[in-house]
Structures are given as C-alpha cells and as structure tokens.
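Next comes coords.txt, a file with compact mmCIF, C-alpha atoms.
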```
# COMPACT_ATOMS: atom_id res chain seq x y z
CA VAL A 1 2.85 -8.21 19.97
CA LEU A 2 2.80 -8.39 16.20
CA VAL A 3 6.15 -9.05 14.62
CA PRO A 4 7.17 -5.70 13.03
CA HIS A 5 8.21 -7.19 9.70
CA VAL A 6 4.78 -8.86 9.42
CA GLY A 7 2.45 -6.52 11.31
CA MET A 8 3.55 -3.13 10.01
CA PRO A 9 3.14 -3.86 6.28
CA ILE A 10 -0.29 -5.40 6.96
CA ALA A 11 -1.28 -2.33 8.98
CA LEU A 12 -0.16 -0.06 6.13
CA PHE A 13 -2.06 -2.20 3.61
CA TYR A 14 -5.17 -1.99 5.82
CA ILE A 15 -4.87 1.80 6.15
CA LEU A 16 -4.37 2.28 2.40
CA THR A 17 -7.31 0.09 1.43
CA TYR A 18 -9.67 1.70 3.89
CA ALA A 19 -8.57 5.19 2.84
CA LEU A 20 -9.29 4.23 -0.77
CA THR A 21 -12.68 2.76 0.13
CA THR A 22 -13.68 5.65 2.38
CA LEU A 23 -12.83 8.11 -0.38
CA LEU A 24 -15.12 6.18 -2.72
CA VAL A 25 -18.01 6.22 -0.24
CA PHE A 26 -17.71 9.88 0.70
CA GLY A 27 -17.01 10.88 -2.90
CA SER A 28 -20.22 9.13 -3.94
CA LEU A 29 -22.15 10.88 -1.17
CA LEU A 30 -20.73 14.23 -2.25
CA GLN A 31 -22.21 13.56 -5.68
CA LEU A 32 -25.65 13.82 -4.15
CA THR A 33 -27.42 16.66 -2.46
CA THR A 34 -30.76 16.79 -0.66
CA GLN A 35 -32.72 19.88 -1.61
CA GLY A 36 -29.51 21.85 -2.07
CA ALA A 37 -27.75 20.58 1.10
CA PRO A 38 -25.43 17.60 1.50
CA CYS A 39 -27.00 14.26 2.48
CA GLU A 40 -27.34 14.37 6.24
CA LYS A 41 -29.87 11.60 6.85
CA ILE A 42 -29.79 8.00 5.73
CA THR A 43 -33.37 8.34 4.50
CA ALA A 44 -32.13 10.81 1.87
CA LEU A 45 -30.69 7.77 0.07
CA SER A 46 -34.11 6.11 -0.25
CA GLY A 47 -34.64 4.77 -3.74
CA LEU A 48 -31.20 5.84 -4.93
CA ASN A 49 -31.00 2.80 -7.21
CA GLN A 50 -34.17 3.85 -9.06
CA VAL A 51 -33.07 7.48 -9.44
CA TYR A 52 -29.30 7.15 -9.97
CA PRO A 53 -28.31 3.49 -10.45
CA GLY A 54 -24.68 4.38 -11.19
CA HIS A 55 -24.29 6.26 -7.91
CA ALA A 56 -26.02 3.44 -6.07
CA LEU A 57 -23.61 0.90 -7.54
CA LEU A 58 -20.54 2.94 -6.60
CA LEU A 59 -21.87 3.43 -3.09
CA LEU A 60 -22.70 -0.27 -2.88
CA LEU A 61 -19.12 -1.19 -3.87
CA GLY A 62 -17.77 1.11 -1.19
CA ILE A 63 -20.15 -0.15 1.49
CA PHE A 64 -19.45 -3.79 0.66
CA SER A 65 -15.71 -3.10 0.75
CA LEU A 66 -16.00 -1.39 4.15
CA ALA A 67 -18.03 -4.36 5.35
CA GLY A 68 -15.26 -6.67 4.19
CA LEU A 69 -17.15 -8.70 1.61
CA PRO A 70 -15.23 -10.51 -1.14
CA PRO A 71 -14.03 -9.88 -3.84
CA LEU A 72 -13.44 -6.26 -2.78
CA VAL A 73 -10.26 -4.79 -1.35
CA GLY A 74 -11.79 -4.34 2.12
CA PHE A 75 -12.13 -8.11 2.40
CA MET A 76 -8.48 -8.60 1.50
CA ALA A 77 -7.44 -6.03 4.10
CA LYS A 78 -9.46 -7.68 6.86
CA PHE A 79 -8.32 -11.13 5.79
CA ALA A 80 -4.66 -10.10 5.83
CA LEU A 81 -5.07 -8.47 9.24
CA ILE A 82 -6.80 -11.50 10.75
CA GLN A 83 -4.24 -13.84 9.19
CA ALA A 84 -1.37 -11.79 10.69
CA LEU A 85 -3.05 -11.83 14.10
CA VAL A 86 -3.48 -15.60 14.00
CA GLN A 87 0.13 -16.10 12.88
CA ALA A 88 1.27 -13.94 15.82
CA HIS A 89 -0.84 -16.15 18.14
CA HIS A 90 -3.37 -13.41 18.91
CA THR A 91 -6.35 -15.65 18.21
CA LEU A 92 -8.64 -13.92 20.70
CA LEU A 93 -7.97 -10.54 19.10
CA ALA A 94 -8.60 -12.06 15.66
CA CYS A 95 -11.96 -13.37 16.91
CA VAL A 96 -12.84 -9.90 18.22
CA VAL A 97 -12.01 -8.40 14.81
CA VAL A 98 -14.29 -10.94 13.09
CA LEU A 99 -17.09 -10.28 15.60
CA MET A 100 -16.84 -6.51 15.21
CA ALA A 101 -16.84 -6.87 11.41
CA CYS A 102 -20.10 -8.83 11.69
CA VAL A 103 -21.61 -6.17 13.95
CA GLY A 104 -20.59 -3.47 11.46
CA CYS A 105 -22.37 -5.32 8.65
CA PHE A 106 -25.73 -4.72 10.31
CA TYR A 107 -25.23 -0.95 10.01
CA TYR A 108 -24.27 -1.25 6.35
CA ILE A 109 -27.36 -3.34 5.63
CA LYS A 110 -29.55 -0.39 6.68
CA LEU A 111 -27.90 1.83 4.05
CA ILE A 112 -28.37 -0.80 1.36
CA LYS A 113 -32.02 -1.28 2.35
CA HIS A 114 -32.70 2.43 1.87
CA MET A 115 -30.81 2.62 -1.43
CA TYR A 116 -32.27 -0.49 -3.06
CA PHE A 117 -35.54 -1.41 -1.36
CA ASP A 118 -37.20 1.84 -0.27
CA ALA A 119 -39.20 4.05 -2.59
CA PRO A 120 -37.48 7.22 -3.79
CA ILE A 121 -38.49 10.51 -2.21
CA ASP A 122 -39.72 12.82 -4.97
CA GLY A 123 -37.15 15.49 -5.76
CA ALA A 124 -34.96 14.65 -2.78
CA LEU A 125 -31.84 13.67 -4.73
CA ILE A 126 -30.33 16.19 -7.11
CA GLU A 127 -27.13 15.49 -9.00
CA TRP A 128 -24.62 18.32 -8.90
CA SER A 129 -21.21 17.00 -9.83
CA SER A 130 -19.29 17.44 -13.03
CA ARG A 131 -18.49 14.76 -15.60
CA PRO A 132 -14.79 14.51 -14.62
CA THR A 133 -15.81 13.83 -11.02
CA GLN A 134 -18.18 11.09 -12.12
CA TRP A 135 -15.42 9.42 -14.15
CA ALA A 136 -12.95 9.74 -11.27
CA LEU A 137 -15.39 7.95 -8.98
CA ARG A 138 -15.98 5.22 -11.57
CA VAL A 139 -12.24 4.63 -11.86
CA HIS A 140 -12.07 4.63 -8.07
CA GLY A 141 -14.81 1.98 -7.90
CA VAL A 142 -12.98 -0.19 -10.43
CA ALA A 143 -9.80 0.19 -8.34
CA VAL A 144 -11.63 -1.04 -5.21
CA LEU A 145 -12.77 -4.11 -7.13
CA ALA A 146 -9.48 -4.70 -8.98
CA LEU A 147 -7.36 -4.41 -5.84
CA GLY A 148 -9.66 -6.92 -4.19
CA LEU A 149 -9.12 -9.37 -7.03
CA MET A 150 -5.38 -8.66 -7.32
CA PRO A 151 -4.09 -7.32 -3.98
CA ALA A 152 -0.53 -8.63 -4.39
CA GLY A 153 0.83 -5.41 -5.87
CA LEU A 154 -0.42 -3.17 -3.07
CA LEU A 155 0.65 -5.72 -0.45
CA ALA A 156 4.14 -5.89 -1.99
CA LEU A 157 4.32 -2.09 -2.05
CA SER A 158 3.32 -1.98 1.63
CA HIS A 159 6.06 -4.49 2.47
CA GLN A 160 8.62 -2.56 0.42
CA VAL A 161 7.75 0.75 2.09
CA MET A 162 8.06 -0.74 5.58
CA ILE A 163 11.40 -2.41 4.75
CA THR A 164 12.92 0.83 3.47
CA LEU A 165 11.91 2.86 6.54
CA PRO A 166 14.75 3.47 9.00
```

Just give me the structure as structure tokens.
Amino acid sequence: VLVPHVGMPIALFYILTYALTTLLVFGSLLQLTTQGAPCEKITALSGLNQVYPGHALLLLLGIFSLAGLPPLVGFMAKFALIQALVQAHHTLLACVVVLMACVGCFYYIKLIKHMYFDAPIDGALIEWSSRPTQWALRVHGVAVLALGLMPAGLLALSHQVMITLP
C-alpha cells in the first residue's frame, strides 16, 4: 500500500495534470467541426497541420502530454507516480504502468499521423470558435508545457492540500 503522506499528494498531482491536459485536448477538438458537426472520426483530423497549424500544435501538446513525453506535465505526473510506486516497493505495479503507457502511445501515434502526415480533406475542417477561446487554449497549452518544465509548484500545492485535509 502506498504511504498516505507520499501516495495521496502524487495521486492528486496526477489527477490535476491529466485534467489540465484532457481539457486542452478536448478544448482543441471543440475548436473544430466536420461539416457542421463535432469531430467524430479520427480521419476528420487528416491534414490538420496544413489547414490549421495552431490547432494542430495545441492538440499535439495535449497528445504528447497524455502520452507522457517530456518536457510536458503528463511526463512529470507519470514519473512522479512511478517513482512513488518504486519507493513503496511496488515495482511490479510500476512496470505495469510503464508498459501500459507504452501501449497507449501507439494509439496517440495514429492521431498524430492523421494530423501531420495525411492529406487534408477538402472542406472537412471548419473553424467556429471565438478569439477569446483561441487565446484561452493557447494559454492552456503554455501551462501544460510550463508545468512540465517547472512542476515543483503544483507538486508542493498537492502536498499542502493533502496535509491540510482532516
């Protein structure tokens, strides 16, 4: 069993970082619409980089963070989780987490292939969002990168929250 004073703050940090990253990915997808309807198929993202490079970059940041690639906050969350598992002598569970992260990367690669290497479908992607939404997503993308480079503040906040709970 994870030691509560170590495991709980790491779990909170993991939840916060993945909530942040998931909001970036789904917010970026909400920016796009396929012939008037939300993106329902992965193929709708074909050629996104050629049509909307900014959206493709934001989505790429979110996907890479979910995959756990450095220097993004998703990597720091997975690293902290695996480190806590190893410190608690749950090495087998840590190995399973690493293996499942590798398996998940194969699914993310398919999204990236469509966005960056497939030809765009004529007229499939139509931008509908407002300027404030675009700026909010850009700030969100910078936060995913910045928290990956400097995770100490969010980690300290997670520890502080768990210490103050009854």

Which residues of stretch 59-158 of chain A come within 8 Å of stretch 9-27 of chain A, and what is each one's closest atom pair and distance in Å (one decimal), counting only C-alpha atoms, sorted by chain and residue number, as a tab-separated table?
```
residue	atom	partner	partner_atom	distance
A:Leu59	CA	A:Val25	CA	5.6
A:Gly62	CA	A:Val25	CA	5.2
A:Ile63	CA	A:Val25	CA	6.9
A:Ser65	CA	A:Thr21	CA	6.6
A:Leu66	CA	A:Thr21	CA	6.7
A:Val73	CA	A:Thr17	CA	6.3
A:Gly74	CA	A:Thr17	CA	6.3
A:Ala77	CA	A:Tyr14	CA	4.9
A:Lys78	CA	A:Tyr14	CA	7.2
A:Ala80	CA	A:Ile10	CA	6.5
A:Leu81	CA	A:Ile10	CA	6.1
A:Ala84	CA	A:Ile10	CA	7.5
A:Leu137	CA	A:Leu24	CA	6.5
A:His140	CA	A:Leu24	CA	6.4
A:Gly141	CA	A:Leu24	CA	6.7
A:Val144	CA	A:Thr21	CA	6.6
A:Leu154	CA	A:Phe13	CA	6.9
A:Leu155	CA	A:Phe13	CA	6.0
A:Ser158	CA	A:Pro9	CA	5.0
```

Gap from atom CA of A:Pro71 to atom CA of A:Ile163 - Å, one decimal
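Interatomic distance here is 27.9 Å.
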
Between A:Gly153, A:Pro132, A:Gly148, A:Pro120, which one has atoms that come closest to A:Pro53, using all atoms listed in the file?
A:Pro120

Distance query A:Leu29 at most 10 Å, only C-alpha atoms, self and fewer than 5 positions along chain excluded, as a PyMOL selection string:
chain A and resi 23-24+38-40+45+55-56+58-59

Save stretch 5-30 of chain A from what I just supplied, as a compact mmCIF listing (two decimals), in the first residue's frame, atoms limited to N, CA, C and O atoms.
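So result_34.txt came out as:
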```
# COMPACT_ATOMS: atom_id res chain seq x y z
N HIS A 5 1.12 9.78 3.13
CA HIS A 5 1.75 11.10 3.01
C HIS A 5 2.58 11.22 1.73
O HIS A 5 2.97 12.30 1.35
N VAL A 6 2.85 10.10 1.05
CA VAL A 6 3.56 10.14 -0.23
C VAL A 6 2.59 9.90 -1.38
O VAL A 6 2.58 10.63 -2.36
N GLY A 7 1.75 8.89 -1.25
CA GLY A 7 0.88 8.48 -2.35
C GLY A 7 -0.25 9.44 -2.66
O GLY A 7 -0.55 9.69 -3.83
N MET A 8 -0.89 9.99 -1.66
CA MET A 8 -2.04 10.86 -1.89
C MET A 8 -1.68 12.16 -2.61
O MET A 8 -2.36 12.54 -3.55
N PRO A 9 -0.62 12.85 -2.22
CA PRO A 9 -0.25 14.06 -2.97
C PRO A 9 0.13 13.75 -4.43
O PRO A 9 -0.21 14.52 -5.33
N ILE A 10 0.79 12.62 -4.65
CA ILE A 10 1.16 12.24 -6.01
C ILE A 10 -0.10 11.92 -6.82
O ILE A 10 -0.21 12.30 -7.99
N ALA A 11 -1.06 11.25 -6.19
CA ALA A 11 -2.32 10.95 -6.88
C ALA A 11 -3.06 12.24 -7.24
O ALA A 11 -3.60 12.36 -8.35
N LEU A 12 -3.08 13.19 -6.32
CA LEU A 12 -3.72 14.48 -6.60
C LEU A 12 -2.99 15.21 -7.73
O LEU A 12 -3.63 15.76 -8.63
N PHE A 13 -1.67 15.21 -7.70
CA PHE A 13 -0.87 15.83 -8.76
C PHE A 13 -1.20 15.18 -10.10
O PHE A 13 -1.39 15.87 -11.11
N TYR A 14 -1.27 13.86 -10.13
CA TYR A 14 -1.58 13.13 -11.35
C TYR A 14 -2.97 13.51 -11.87
O TYR A 14 -3.14 13.78 -13.06
N ILE A 15 -3.95 13.55 -10.99
CA ILE A 15 -5.32 13.91 -11.38
C ILE A 15 -5.37 15.33 -11.93
O ILE A 15 -6.01 15.58 -12.96
N LEU A 16 -4.71 16.26 -11.26
CA LEU A 16 -4.72 17.66 -11.71
C LEU A 16 -4.06 17.81 -13.07
O LEU A 16 -4.57 18.51 -13.95
N THR A 17 -2.93 17.16 -13.27
CA THR A 17 -2.23 17.31 -14.54
C THR A 17 -3.00 16.68 -15.68
O THR A 17 -3.05 17.23 -16.78
N TYR A 18 -3.63 15.54 -15.43
CA TYR A 18 -4.38 14.91 -16.50
C TYR A 18 -5.70 15.62 -16.78
O TYR A 18 -6.17 15.64 -17.91
N ALA A 19 -6.28 16.25 -15.76
CA ALA A 19 -7.46 17.08 -16.01
C ALA A 19 -7.09 18.28 -16.88
O ALA A 19 -7.78 18.60 -17.85
N LEU A 20 -5.97 18.91 -16.56
CA LEU A 20 -5.48 20.05 -17.35
C LEU A 20 -5.21 19.64 -18.80
O LEU A 20 -5.63 20.32 -19.74
N THR A 21 -4.55 18.51 -18.97
CA THR A 21 -4.20 18.04 -20.31
C THR A 21 -5.43 17.61 -21.10
O THR A 21 -5.57 17.92 -22.28
N THR A 22 -6.34 16.93 -20.45
CA THR A 22 -7.56 16.49 -21.12
C THR A 22 -8.40 17.68 -21.54
O THR A 22 -8.99 17.67 -22.63
N LEU A 23 -8.45 18.71 -20.72
CA LEU A 23 -9.17 19.93 -21.11
C LEU A 23 -8.55 20.57 -22.34
O LEU A 23 -9.26 21.09 -23.20
N LEU A 24 -7.23 20.53 -22.44
CA LEU A 24 -6.55 21.08 -23.62
C LEU A 24 -6.92 20.28 -24.87
O LEU A 24 -7.25 20.86 -25.91
N VAL A 25 -6.89 18.96 -24.77
CA VAL A 25 -7.19 18.12 -25.93
C VAL A 25 -8.65 18.30 -26.37
O VAL A 25 -8.92 18.55 -27.54
N PHE A 26 -9.57 18.18 -25.43
CA PHE A 26 -10.97 18.30 -25.82
C PHE A 26 -11.34 19.73 -26.20
O PHE A 26 -12.19 19.94 -27.07
N GLY A 27 -10.71 20.71 -25.57
CA GLY A 27 -10.93 22.10 -25.98
C GLY A 27 -10.47 22.33 -27.41
O GLY A 27 -11.13 23.02 -28.19
N SER A 28 -9.32 21.75 -27.76
CA SER A 28 -8.82 21.87 -29.13
C SER A 28 -9.75 21.18 -30.12
O SER A 28 -9.99 21.68 -31.22
N LEU A 29 -10.28 20.03 -29.73
CA LEU A 29 -11.21 19.32 -30.62
C LEU A 29 -12.52 20.08 -30.78
O LEU A 29 -13.13 20.07 -31.85
N LEU A 30 -12.95 20.76 -29.72
CA LEU A 30 -14.17 21.55 -29.81
C LEU A 30 -14.01 22.76 -30.73
O LEU A 30 -14.99 23.31 -31.20
```
